[in-house]
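Quick look at coords-v3.cif (mmCIF, C-alpha atoms):
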```
data_data
loop_
_atom_site.label_atom_id
_atom_site.label_comp_id
_atom_site.auth_asym_id
_atom_site.auth_seq_id
_atom_site.Cartn_x
_atom_site.Cartn_y
_atom_site.Cartn_z
CA MET A 195 -77.92 -52.47 10.48
CA GLU A 196 -75.31 -54.34 8.38
CA LYS A 197 -74.51 -52.76 5.03
CA THR A 198 -75.72 -54.59 1.91
CA ASN A 199 -73.03 -55.61 -0.60
CA PHE A 200 -73.75 -55.05 -4.31
CA THR A 201 -72.20 -56.55 -7.44
CA VAL A 202 -71.44 -54.17 -10.29
CA ALA A 203 -70.80 -55.02 -13.96
CA ARG A 204 -70.46 -52.25 -16.51
CA VAL A 205 -68.97 -51.87 -19.98
CA ALA A 206 -67.23 -48.91 -21.61
CA THR A 207 -66.26 -48.82 -25.30
CA HIS A 208 -63.08 -47.58 -26.93
CA THR A 209 -61.88 -46.88 -30.44
CA ARG A 210 -58.42 -47.80 -31.65
CA ALA A 211 -57.39 -44.15 -31.35
CA GLY A 212 -58.89 -43.69 -27.89
CA VAL A 213 -57.93 -46.91 -26.13
CA GLY A 214 -54.53 -45.55 -25.05
CA LYS A 215 -55.85 -43.76 -21.97
CA CYS A 216 -57.62 -46.91 -20.83
CA GLU A 217 -54.46 -48.96 -21.40
CA ARG A 218 -52.23 -46.55 -19.47
CA HIS A 219 -54.59 -46.68 -16.48
CA ASN A 220 -55.25 -50.42 -16.49
CA GLU A 221 -51.64 -51.45 -17.06
CA ARG A 222 -50.28 -48.73 -14.76
CA LYS A 223 -48.20 -47.07 -17.45
CA ASN A 224 -48.84 -43.55 -16.10
CA GLU A 225 -46.54 -41.71 -13.74
CA CYS A 226 -49.49 -40.06 -12.00
CA TYR A 227 -53.23 -40.72 -11.90
CA GLY A 228 -56.47 -38.72 -11.84
CA ASN A 229 -57.50 -41.08 -9.06
CA MET A 230 -55.26 -39.76 -6.29
CA ASN A 231 -55.83 -42.93 -4.20
CA VAL A 232 -53.57 -45.11 -6.36
CA ASP A 233 -50.69 -46.42 -4.21
CA LEU A 234 -47.95 -47.21 -6.74
CA GLU A 235 -45.93 -49.09 -4.12
CA ARG A 236 -48.67 -51.73 -4.10
CA THR A 237 -48.96 -51.90 -7.90
CA PRO A 238 -46.83 -55.11 -8.04
CA MET A 239 -49.69 -56.78 -6.14
CA ASN A 240 -52.09 -56.21 -9.06
CA VAL A 241 -53.02 -59.58 -10.57
CA HIS A 242 -53.03 -60.24 -14.34
CA PHE A 243 -55.24 -63.15 -15.33
CA LYS A 244 -54.31 -62.34 -18.94
CA ALA A 245 -51.92 -59.79 -20.44
CA CYS A 246 -50.59 -58.64 -23.81
CA GLY A 247 -46.98 -59.02 -22.75
CA GLU A 248 -44.76 -56.47 -24.45
CA LEU A 249 -47.40 -55.61 -27.07
CA THR A 250 -49.91 -52.80 -26.78
CA TYR A 251 -53.64 -53.38 -27.14
CA ASN A 252 -53.55 -52.13 -30.73
CA GLU A 253 -50.54 -54.27 -31.61
CA THR A 254 -52.26 -57.33 -30.16
CA LEU A 255 -55.37 -56.56 -32.20
CA ASP A 256 -53.30 -56.21 -35.38
CA LYS A 257 -51.75 -59.62 -34.72
CA LEU A 258 -55.16 -61.25 -34.20
CA VAL A 259 -56.39 -59.73 -37.46
CA ALA A 260 -53.26 -60.85 -39.31
CA ASP A 261 -53.71 -64.39 -37.95
CA GLY A 262 -57.35 -64.43 -39.07
CA ALA A 263 -58.62 -64.85 -35.50
CA VAL A 264 -60.91 -61.80 -35.77
CA SER A 265 -62.14 -59.55 -38.55
CA LEU A 266 -62.57 -55.77 -38.66
CA ARG A 267 -64.18 -55.93 -42.10
CA GLY A 268 -66.79 -53.24 -42.68
CA LEU A 269 -65.93 -51.21 -39.56
CA LYS A 270 -65.43 -47.47 -39.88
CA GLU A 271 -62.11 -45.97 -38.84
CA ASN A 272 -63.64 -44.42 -35.68
CA ALA A 273 -65.72 -47.49 -34.75
CA ASN A 274 -65.78 -48.84 -31.19
CA VAL A 275 -63.49 -51.86 -31.33
CA TYR A 276 -62.71 -52.59 -27.68
CA ASP A 277 -64.97 -53.35 -24.73
CA GLU A 278 -63.68 -52.50 -21.27
CA MET A 279 -65.67 -54.47 -18.72
CA ILE A 280 -65.34 -53.56 -15.05
CA LEU A 281 -66.48 -56.17 -12.52
CA ASP A 282 -66.79 -55.01 -8.95
CA VAL A 283 -68.26 -55.41 -5.47
CA ASN A 284 -68.09 -52.73 -2.79
CA THR A 285 -64.85 -52.73 -0.80
CA ASP A 286 -66.29 -53.88 2.53
CA TYR A 287 -67.33 -57.21 0.99
CA PHE A 288 -63.72 -58.26 0.48
CA GLU A 289 -62.59 -56.90 3.83
CA GLN A 290 -65.27 -59.01 5.53
CA HIS A 291 -64.00 -62.18 3.80
CA GLY A 292 -60.23 -61.90 4.14
CA GLY A 293 -59.10 -59.10 1.85
CA TYR A 294 -56.46 -59.66 -0.84
CA LYS A 295 -56.43 -63.47 -0.92
CA PHE A 296 -60.21 -63.68 -1.14
CA ALA A 297 -60.29 -60.98 -3.83
CA LYS A 298 -57.90 -63.02 -6.02
CA GLU A 299 -60.19 -66.06 -5.71
CA PHE A 300 -63.30 -63.99 -6.41
CA TYR A 301 -61.91 -62.27 -9.50
CA GLY A 302 -60.37 -65.48 -10.76
CA GLU A 303 -63.95 -66.76 -11.00
CA ALA A 304 -65.11 -63.42 -12.43
CA TYR A 305 -62.49 -63.83 -15.16
CA ARG A 306 -63.98 -67.23 -16.02
CA PHE A 307 -67.35 -65.48 -16.33
CA ALA A 308 -65.79 -63.01 -18.80
CA CYS A 309 -64.23 -65.89 -20.78
CA LYS A 310 -67.65 -67.50 -21.07
CA LEU A 311 -69.09 -64.19 -22.27
CA TYR A 312 -66.39 -63.14 -24.77
CA GLY A 313 -64.33 -66.27 -25.37
CA GLU A 314 -60.88 -66.29 -23.77
CA GLN A 315 -59.23 -65.90 -27.18
CA ASN A 316 -60.93 -62.50 -27.54
CA ILE A 317 -59.73 -61.15 -24.17
CA LEU A 318 -56.62 -58.99 -24.45
CA SER A 319 -56.14 -58.02 -20.82
CA ALA A 320 -57.68 -58.92 -17.47
CA VAL A 321 -56.13 -57.25 -14.42
CA MET A 322 -57.30 -57.04 -10.82
CA HIS A 323 -56.33 -53.71 -9.25
CA ALA A 324 -55.23 -54.04 -5.66
CA ASP A 325 -53.49 -50.68 -5.29
CA GLU A 326 -56.39 -48.22 -4.92
CA ILE A 327 -56.92 -47.31 -1.27
CA ASN A 328 -60.40 -46.73 0.15
CA LEU A 329 -59.98 -43.72 2.45
CA ALA A 330 -63.34 -44.03 4.19
CA LEU A 331 -62.81 -47.67 5.25
CA THR A 332 -59.15 -47.03 6.05
CA GLU A 333 -60.33 -44.40 8.51
CA LYS A 334 -63.10 -46.67 9.80
CA TYR A 335 -60.91 -49.71 10.47
CA GLY A 336 -57.71 -47.89 11.41
CA TYR A 337 -55.50 -49.66 8.86
CA PRO A 338 -55.08 -49.45 5.04
CA VAL A 339 -58.04 -50.92 3.17
CA TYR A 340 -57.87 -51.34 -0.62
CA HIS A 341 -60.64 -51.46 -3.20
CA TYR A 342 -60.32 -54.59 -5.34
CA HIS A 343 -61.88 -54.63 -8.82
CA LEU A 344 -61.30 -56.22 -12.22
CA HIS A 345 -60.65 -54.48 -15.56
CA ILE A 346 -61.15 -56.61 -18.67
CA VAL A 347 -60.37 -55.40 -22.19
CA ALA A 348 -61.92 -57.64 -24.83
CA LEU A 349 -63.02 -57.71 -28.45
CA PRO A 350 -66.82 -57.98 -28.86
CA ALA A 351 -66.63 -60.62 -31.59
CA VAL A 352 -69.67 -62.42 -33.01
CA GLU A 353 -69.77 -65.29 -35.48
CA LYS A 354 -70.62 -64.10 -38.98
CA GLN A 355 -71.19 -66.15 -42.11
CA VAL A 356 -69.77 -64.60 -45.28
CA LEU A 357 -71.72 -65.70 -48.34
CA TRP A 358 -70.59 -66.09 -51.94
CA SER A 359 -71.71 -63.06 -53.94
CA LYS A 360 -73.27 -62.94 -57.39
CA ARG A 361 -69.85 -62.20 -58.83
CA CYS A 362 -68.79 -65.76 -58.08
CA LYS A 363 -67.98 -67.66 -61.29
CA ASP A 364 -69.60 -70.83 -59.98
CA LYS A 365 -73.25 -69.78 -59.84
CA ALA A 366 -74.10 -72.84 -57.78
CA LEU A 367 -72.14 -71.31 -54.90
CA VAL A 368 -73.96 -67.94 -54.91
CA GLY A 369 -75.71 -67.40 -51.60
CA THR A 370 -73.94 -70.28 -49.85
CA VAL A 371 -71.45 -69.88 -47.00
CA LYS A 372 -68.01 -68.90 -48.21
CA GLU A 373 -66.42 -68.60 -44.76
CA THR A 374 -67.28 -68.03 -41.12
CA VAL A 375 -65.41 -65.23 -39.36
CA GLN A 376 -65.31 -63.72 -35.89
CA GLN A 377 -66.57 -60.23 -36.69
CA VAL A 378 -65.86 -57.45 -34.18
CA SER A 379 -69.19 -55.70 -33.62
CA HIS A 380 -70.15 -54.03 -30.37
CA SER A 381 -73.75 -53.39 -31.42
CA LYS A 382 -74.38 -57.02 -32.36
CA LYS A 383 -72.63 -58.36 -29.27
CA TRP A 384 -74.79 -56.27 -26.96
CA LYS A 385 -78.29 -56.55 -28.37
CA SER A 386 -81.23 -55.88 -26.07
CA GLN A 387 -83.52 -58.85 -25.48
CA ARG A 388 -87.27 -58.96 -25.89
CA ALA A 389 -89.47 -60.14 -23.01
CA LEU A 390 -93.00 -59.74 -21.63
CA ASP A 391 -93.98 -57.48 -18.73
CA GLY A 392 -96.48 -58.33 -15.97
CA GLN A 393 -99.43 -57.67 -18.28
CA GLY A 394 -98.04 -59.84 -21.08
CA ARG A 395 -96.97 -56.84 -23.16
CA PRO A 396 -93.64 -56.95 -25.03
CA LYS A 397 -90.73 -54.97 -23.62
CA TYR A 398 -87.00 -54.74 -24.24
CA ILE A 399 -84.43 -55.49 -21.53
CA PRO A 400 -81.18 -53.50 -21.97
CA SER A 401 -78.17 -55.71 -22.60
CA TYR A 402 -76.22 -54.21 -19.69
CA SER A 403 -79.07 -55.01 -17.32
CA ILE A 404 -78.85 -58.62 -18.49
CA LEU A 405 -75.10 -58.51 -17.89
CA GLN A 406 -75.67 -57.44 -14.28
CA ASP A 407 -78.10 -60.33 -13.77
CA GLU A 408 -75.78 -62.91 -15.33
CA PHE A 409 -72.70 -61.77 -13.40
CA CYS A 410 -74.50 -61.90 -10.05
CA ARG A 411 -76.00 -65.32 -10.87
CA HIS A 412 -72.67 -66.76 -12.07
CA MET A 413 -70.81 -65.70 -8.92
CA ARG A 414 -73.56 -67.04 -6.65
CA GLU A 415 -73.58 -70.39 -8.43
CA ALA A 416 -69.79 -70.51 -8.02
CA GLY A 417 -70.21 -70.29 -4.24
CA PHE A 418 -69.67 -66.57 -3.64
CA THR A 419 -72.56 -65.12 -1.65
CA ASP A 420 -73.37 -62.32 0.82
CA PHE A 421 -74.16 -59.85 -1.96
CA VAL A 422 -77.08 -58.86 -4.15
CA ARG A 423 -77.39 -57.61 -7.71
CA GLY A 424 -76.33 -53.98 -8.16
CA GLU A 425 -79.04 -51.37 -7.90
CA ARG A 426 -80.81 -50.66 -11.18
CA GLY A 427 -80.43 -47.12 -12.42
CA SER A 428 -77.66 -46.23 -9.96
CA THR A 429 -75.54 -43.28 -11.12
CA ALA A 430 -72.83 -43.39 -8.43
CA ASP A 431 -70.42 -45.24 -10.69
CA ASN A 432 -70.83 -42.63 -13.41
CA LEU A 433 -69.41 -39.86 -11.26
CA SER A 434 -65.80 -38.94 -11.83
CA ASN A 435 -63.31 -40.10 -9.19
CA LEU A 436 -62.84 -36.60 -7.79
CA GLU A 437 -66.56 -35.78 -7.73
CA TYR A 438 -67.35 -39.10 -6.05
CA GLN A 439 -64.63 -38.61 -3.42
CA ILE A 440 -65.90 -35.10 -2.68
CA LYS A 441 -69.46 -36.39 -2.35
CA GLN A 442 -68.35 -39.17 0.02
CA ASP A 443 -66.18 -36.83 2.10
CA LYS A 444 -69.01 -34.34 2.44
CA ALA A 445 -71.28 -37.11 3.68
CA ARG A 446 -68.65 -38.15 6.23
CA LEU A 447 -68.15 -34.50 7.22
CA LYS A 448 -71.87 -34.13 7.84
CA GLU A 449 -71.84 -37.24 10.02
CA ILE A 450 -68.91 -35.93 12.06
CA GLN A 451 -70.53 -32.52 12.45
CA GLU A 452 -73.62 -34.23 13.83
CA LYS A 453 -71.41 -36.09 16.33
CA VAL A 454 -69.76 -32.80 17.31
CA ARG A 455 -73.15 -31.20 17.90
CA ALA A 456 -74.23 -34.21 19.97
CA GLU A 457 -71.10 -34.01 22.14
CA GLU A 458 -71.56 -30.26 22.57
CA SER A 459 -75.14 -30.89 23.66
CA LYS A 460 -73.93 -33.41 26.23
CA LEU A 461 -71.41 -30.91 27.57
CA ALA A 462 -74.05 -28.20 27.62
CA ALA A 463 -76.27 -30.48 29.66
CA ILE A 464 -73.71 -30.60 32.48
CA GLN A 465 -72.82 -26.88 32.32
CA PRO A 466 -75.40 -25.88 35.00
CA ILE A 467 -73.02 -27.43 37.54
CA ASN A 468 -70.72 -24.45 36.96
CA LYS A 469 -73.51 -22.16 38.08
CA THR A 470 -74.04 -23.99 41.34
CA HIS A 471 -70.58 -23.81 42.88
CA ALA A 472 -72.13 -23.04 46.19
CA GLU A 473 -74.13 -26.24 46.03
CA ILE A 474 -70.98 -28.18 45.19
CA ASP A 475 -69.17 -26.54 48.11
CA GLU A 476 -72.00 -27.63 50.39
CA MET A 477 -71.44 -31.22 49.34
CA GLY A 478 -68.31 -31.31 51.52
CA LYS A 479 -67.70 -30.41 55.15
CA LYS A 480 -64.46 -29.05 56.49
CA THR A 481 -62.97 -30.69 59.54
CA LEU A 482 -60.96 -28.93 62.21
CA THR A 483 -57.76 -29.90 60.42
CA GLY A 484 -58.90 -28.17 57.21
CA LYS A 485 -59.69 -31.35 55.33
CA VAL A 486 -62.98 -31.78 53.46
CA THR A 487 -65.13 -34.85 53.82
CA VAL A 488 -68.03 -35.79 51.55
CA SER A 489 -70.60 -38.49 51.66
CA GLN A 490 -70.14 -41.55 49.46
CA ALA A 491 -73.12 -40.52 47.29
CA ASP A 492 -71.73 -36.99 46.73
CA PHE A 493 -68.29 -38.40 45.97
CA ASP A 494 -69.71 -40.79 43.37
CA THR A 495 -71.65 -37.94 41.75
CA LEU A 496 -68.58 -35.68 41.54
CA THR A 497 -66.42 -38.52 40.18
CA GLN A 498 -68.95 -39.37 37.49
CA LEU A 499 -69.32 -35.74 36.43
CA ALA A 500 -65.53 -35.33 36.24
CA LYS A 501 -65.16 -38.44 34.08
CA GLU A 502 -67.92 -37.35 31.74
CA GLY A 503 -66.40 -33.89 31.41
CA VAL A 504 -62.92 -35.17 30.62
CA SER A 505 -64.21 -37.84 28.22
CA GLY A 506 -66.61 -35.47 26.51
CA ARG A 507 -64.03 -32.76 25.97
CA GLY A 508 -61.53 -35.31 24.62
CA GLN A 509 -64.10 -36.70 22.19
CA LEU A 510 -65.11 -33.20 21.14
CA ASN A 511 -61.50 -32.17 20.46
CA ARG A 512 -60.89 -35.34 18.43
CA LEU A 513 -64.02 -34.78 16.33
CA LYS A 514 -63.14 -31.14 15.76
CA GLU A 515 -59.68 -32.16 14.55
CA GLU A 516 -61.19 -34.78 12.22
CA ASN A 517 -63.67 -32.18 11.07
CA GLN A 518 -60.83 -29.81 10.17
CA GLN A 519 -58.96 -32.56 8.30
CA LEU A 520 -62.02 -33.29 6.20
CA TYR A 521 -62.48 -29.60 5.45
CA SER A 522 -58.87 -29.50 4.24
CA ARG A 523 -59.28 -32.63 2.13
CA ILE A 524 -62.49 -31.38 0.52
CA TRP A 525 -60.80 -28.08 -0.25
CA SER A 526 -57.86 -29.93 -1.84
CA LEU A 527 -60.15 -32.16 -3.92
CA GLN A 528 -62.27 -29.20 -4.99
CA SER A 529 -59.12 -27.34 -6.01
CA SER A 530 -58.04 -30.30 -8.13
CA LEU A 531 -61.48 -30.47 -9.70
CA ASN A 532 -61.42 -26.75 -10.44
CA ARG A 533 -57.96 -27.07 -11.98
CA LEU A 534 -59.12 -29.92 -14.22
CA GLN A 535 -62.25 -27.96 -15.13
CA GLY A 536 -60.06 -25.00 -16.07
CA GLN A 537 -57.89 -27.22 -18.27
CA PHE A 538 -61.02 -28.61 -19.89
CA ASN A 539 -62.40 -25.12 -20.54
CA GLU A 540 -59.08 -24.06 -22.05
CA LEU A 541 -59.05 -27.13 -24.29
CA ALA A 542 -62.69 -26.53 -25.29
CA GLU A 543 -61.87 -22.95 -26.23
CA ARG A 544 -58.92 -24.06 -28.33
CA CYS A 545 -61.12 -26.64 -30.08
CA ARG A 546 -64.04 -24.24 -30.63
CA PRO A 547 -62.96 -23.08 -34.14
CA TYR A 548 -62.55 -26.69 -35.22
CA LEU A 549 -65.99 -27.69 -33.92
CA GLU A 550 -67.60 -24.70 -35.62
CA ALA A 551 -65.87 -25.66 -38.88
CA VAL A 552 -67.10 -29.24 -38.54
CA ARG A 553 -70.68 -28.07 -38.05
CA ALA A 554 -70.45 -25.69 -41.03
CA MET A 555 -68.50 -27.80 -43.55
CA PRO A 556 -67.93 -31.34 -42.22
CA GLU A 557 -66.83 -32.85 -45.53
CA ARG A 558 -64.21 -30.18 -46.22
CA VAL A 559 -62.84 -30.54 -42.68
CA LYS A 560 -62.64 -34.31 -43.10
CA ASP A 561 -60.83 -33.98 -46.43
CA PHE A 562 -58.39 -31.51 -44.92
CA LEU A 563 -57.62 -33.74 -41.90
CA ASP A 564 -57.21 -36.78 -44.14
CA SER A 565 -54.63 -34.88 -46.20
CA VAL A 566 -52.79 -33.86 -43.01
CA PHE A 567 -52.80 -37.23 -41.26
CA ALA A 568 -52.32 -39.50 -44.26
CA PRO A 569 -48.49 -39.10 -44.27
CA LEU A 570 -48.40 -39.62 -40.49
CA ARG A 571 -50.47 -42.80 -40.67
CA LYS A 572 -48.31 -44.11 -43.49
CA ARG A 573 -45.17 -43.45 -41.42
CA GLU A 574 -46.69 -45.23 -38.37
CA GLU A 575 -47.67 -48.23 -40.48
CA GLU A 576 -44.17 -48.45 -41.93
CA GLN A 577 -42.67 -48.25 -38.43
CA GLY A 578 -45.10 -50.93 -37.23
CA ARG A 579 -44.18 -53.24 -40.09
CA SER A 580 -40.51 -52.60 -39.36
CA ILE A 581 -40.96 -53.53 -35.71
CA MET A 582 -42.88 -56.71 -36.58
CA TYR A 583 -40.14 -57.61 -39.10
CA VAL A 584 -37.45 -57.20 -36.45
CA LYS A 585 -39.45 -59.35 -34.01
CA ASP A 586 -39.97 -62.04 -36.64
CA LYS A 587 -36.25 -62.08 -37.45
CA SER A 588 -35.44 -62.26 -33.73
CA GLN A 589 -37.73 -65.27 -33.33
CA GLU A 590 -36.15 -66.95 -36.36
CA ASN A 591 -32.70 -66.43 -34.89
CA ARG A 592 -33.76 -67.95 -31.56
CA GLY A 593 -35.13 -70.89 -33.52
CA ASP A 594 -31.79 -71.33 -35.31
CA VAL A 595 -29.96 -71.41 -31.98
CA ARG A 596 -32.18 -74.21 -30.71
#
```

Please go through the file and, once you have read it, give me the structure as structure tokens.
Amino acid sequence: MEKTNFTVARVATHTRAGVGKCERHNERKNECYGNMNVDLERTPMNVHFKACGELTYNETLDKLVADGAVSLRGLKENANVYDEMILDVNTDYFEQHGGYKFAKEFYGEAYRFACKLYGEQNILSAVMHADEINLALTEKYGYPVYHYHLHIVALPAVEKQVLWSKRCKDKALVGTVKETVQQVSHSKKWKSQRALDGQGRPKYIPSYSILQDEFCRHMREAGFTDFVRGERGSTADNLSNLEYQIKQDKARLKEIQEKVRAEESKLAAIQPINKTHAEIDEMGKKTLTGKVTVSQADFDTLTQLAKEGVSGRGQLNRLKEENQQLYSRIWSLQSSLNRLQGQFNELAERCRPYLEAVRAMPERVKDFLDSVFAPLRKREEEQGRSIMYVKDKSQENRGDVR
């Protein structure tokens, strides 16, 4: 039975302080990756439909705010400012339709879907990864197969009307629209929608469920088919890369072990021949010259048994070798997972006094941290302004040359 292809659309949120990890992964700024299947030699094949250039995500955001394109007014310092949308279809879908070239066409259209959703001016980065190898399909097809998917980092901006307040000197203007801004607000961008169930009772449809529906519909209407909407409630995509790889490898290991048992059963079925050597000897008759002659039927039987034995043992040895390779890979992945878990536990232990202090006296901890980080933030802001000043002067100089 042919495997069903599923579309996937999901959104993660990031604060200004926490977006760095996302940026390093998406833009391939790391030297190594938690996902061990990243092939850095293929990284130049990743496709940017939009990029920040030399600026970071935070620097690009600062520029948009300075230009008045978006507003962060009213947001707390630790508010979620960035949306990271990941658009995806399982790997086999692209391999069935031509691989890399088809993936670029597919995600070019997916990028247009994201532009319709966010507005292209609010998208900071859109990059198709083409450098993450799919080990299971690589093994299945016998050549490298890569998992194509699209990362989009955008600002969830909504139109907001700012009204004149009561402090306005012209009382006739109070309550009227002073200005309309593009307010960054994740919660307002992703509101659940109200609908009716089968019995006519009101219910709420989660915004991400709507996103899945709209993405699938958009791609179908654009002419991309052979897939269905992603399964509701699926948790596979929420597993960490290592845990997911271990789970998949264990499933493949189980399948191979079943093949090994099947081959052993086949070999066992022909083992009784070894116990009837006398019967086999009787199948031939010695001539006076010492040669043995057999009937055509006996010869065909012996030939078939020999072929099955050689083929079966070869298949069994190959499966056992593959079985051992998978055991080794699972052990390696589990070791990596254990190492990361140990690092996490160590970090958690080091953070334990801080967390206990936060629970006991949150305000005092906040005041203390503000006093510690205030000079650092001031220094970073001064450095940022210095960098922007240098860039502005550089642009002015280039203008003078022209």

Nearest residue to Leu349 of chain A out of A:Glu314, A:Asp364, A:Glu516, A:Glu326, using all atoms listed in the file?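 Of A:Glu314, A:Asp364, A:Glu516, A:Glu326, the one nearest Leu349 of chain A is A:Glu314, counting all atoms listed in the file.
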
Once 4 Å is added on each side, what are the centre and the three edge lengths, in Å to one decimal, of the axis-aligned box enclosing the listed atoms of segment 361-366 of chain A? Present them as AutoDock Vina command-line options.
```
--center_x -71.0 --center_y -67.5 --center_z -59.5 --size_x 14.1 --size_y 18.6 --size_z 11.5
```

Show which residues sit within 7 Å of segment 237-246 of chain A, as a PyMOL selection string. Count all atoms listed in the file, and ignore same-chain residues fewer than 3 positions away. chain A and resi 233-234+249-251+254+318-325

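Separating atom CA of Asn511 of chain A from atom CA of Glu333 of chain A is a distance of 17.1 Å.
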
Nearest to Gln290 of chain A: which of A:Val264, A:Val339, A:Val205, A:Ile317 is it, counting all atoms listed in the file?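 Nearest candidate to Gln290 of chain A out of A:Val264, A:Val339, A:Val205, A:Ile317: A:Val339.
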
Return as an MDAnalysis selection string the set of residues that the PyMOL selection byres ((chain A and resi 329) around 10) yields on the displayed structure. chainID A and resid 231 326:328 330:334 337:341 439 442:443

Could you dump the residues just selected with C-alpha atoms as an mmCIF file, in the frame of the given file?
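Once written, again-v6.cif looks like this:
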```
data_model
loop_
_atom_site.group_PDB
_atom_site.id
_atom_site.type_symbol
_atom_site.label_atom_id
_atom_site.label_comp_id
_atom_site.auth_asym_id
_atom_site.auth_seq_id
_atom_site.Cartn_x
_atom_site.Cartn_y
_atom_site.Cartn_z
ATOM 1 C CA ASN A 231 -55.830 -42.930 -4.200
ATOM 2 C CA GLU A 326 -56.390 -48.220 -4.920
ATOM 3 C CA ILE A 327 -56.920 -47.310 -1.270
ATOM 4 C CA ASN A 328 -60.400 -46.730 0.150
ATOM 5 C CA ALA A 330 -63.340 -44.030 4.190
ATOM 6 C CA LEU A 331 -62.810 -47.670 5.250
ATOM 7 C CA THR A 332 -59.150 -47.030 6.050
ATOM 8 C CA GLU A 333 -60.330 -44.400 8.510
ATOM 9 C CA LYS A 334 -63.100 -46.670 9.800
ATOM 10 C CA TYR A 337 -55.500 -49.660 8.860
ATOM 11 C CA PRO A 338 -55.080 -49.450 5.040
ATOM 12 C CA VAL A 339 -58.040 -50.920 3.170
ATOM 13 C CA TYR A 340 -57.870 -51.340 -0.620
ATOM 14 C CA HIS A 341 -60.640 -51.460 -3.200
ATOM 15 C CA GLN A 439 -64.630 -38.610 -3.420
ATOM 16 C CA GLN A 442 -68.350 -39.170 0.020
ATOM 17 C CA ASP A 443 -66.180 -36.830 2.100
#
```

Using only C-alpha atoms, determine which residues lie at most 10 Å from Gly262 of chain A, disregarding the query and same-chain residues fewer than 6 positions distant; provide the list as a list in words.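 Final neighbour list, sorted by chain and number: Asp256, Val375 and Gln376 of chain A.
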
Can you tell me how far atom CA of Phe421 of chain A sits from atom CA of Thr198 of chain A, in Å to one decimal?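 According to the coordinates, atom CA of Phe421 of chain A and atom CA of Thr198 of chain A are separated by 6.7 Å.
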
With 8 Å as the threshold, what does the neighbourhood of (-64.3, -62.1, -23.4) contain in terms of residues, counting all atoms listed in the file? Coordinates are those of the file; answer as a PyMOL selection string. chain A and resi 308-317+346-350

What is the atom CA of Ser459 of chain A-atom CA of Arg512 of chain A distance in Å, reported with one decimal?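 For atom CA of Ser459 of chain A relative to atom CA of Arg512 of chain A, the distance reads 15.8 Å.
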
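Each of A:Thr285, A:Asn199, A:Gln490, A:Gln377 was checked against Ser265 of chain A using all atoms listed in the file; the smallest atom-to-atom distance is that of A:Gln377.
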
Take the PyMOL selection byres ((chain A and resi 416) around 12), apply it to the structure above, and return the hits as a list of chain:residue names. A:Glu299, A:Phe300, A:Tyr301, A:Gly302, A:Glu303, A:Ala304, A:Arg306, A:Phe307, A:Phe409, A:Cys410, A:Arg411, A:His412, A:Met413, A:Arg414, A:Glu415, A:Gly417, A:Phe418, A:Thr419

Starting from the displayed file, determine the output of the PyMOL selection byres ((chain A and resi 379) around 7) and express the residue list as a VMD selection string. chain A and resid 350 to 352 377 to 378 380 to 383

Would you mind listing what lies within 9 Å of Asn272 of chain A as a PDB file with C-alpha atoms, keeping the file's coordinate frame, with only C-alpha atoms counted and same-chain residues fewer than 3 positions away left out?
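Everything below was put into result17.pdb:
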```pdb
ATOM      1  CA  THR A 209     -61.880 -46.880 -30.440  1.00  0.00           C
ATOM      2  CA  ARG A 210     -58.420 -47.800 -31.650  1.00  0.00           C
ATOM      3  CA  ALA A 211     -57.390 -44.150 -31.350  1.00  0.00           C
ATOM      4  CA  LEU A 269     -65.930 -51.210 -39.560  1.00  0.00           C
ATOM      5  CA  VAL A 275     -63.490 -51.860 -31.330  1.00  0.00           C
TER       6      VAL A 275
END
```
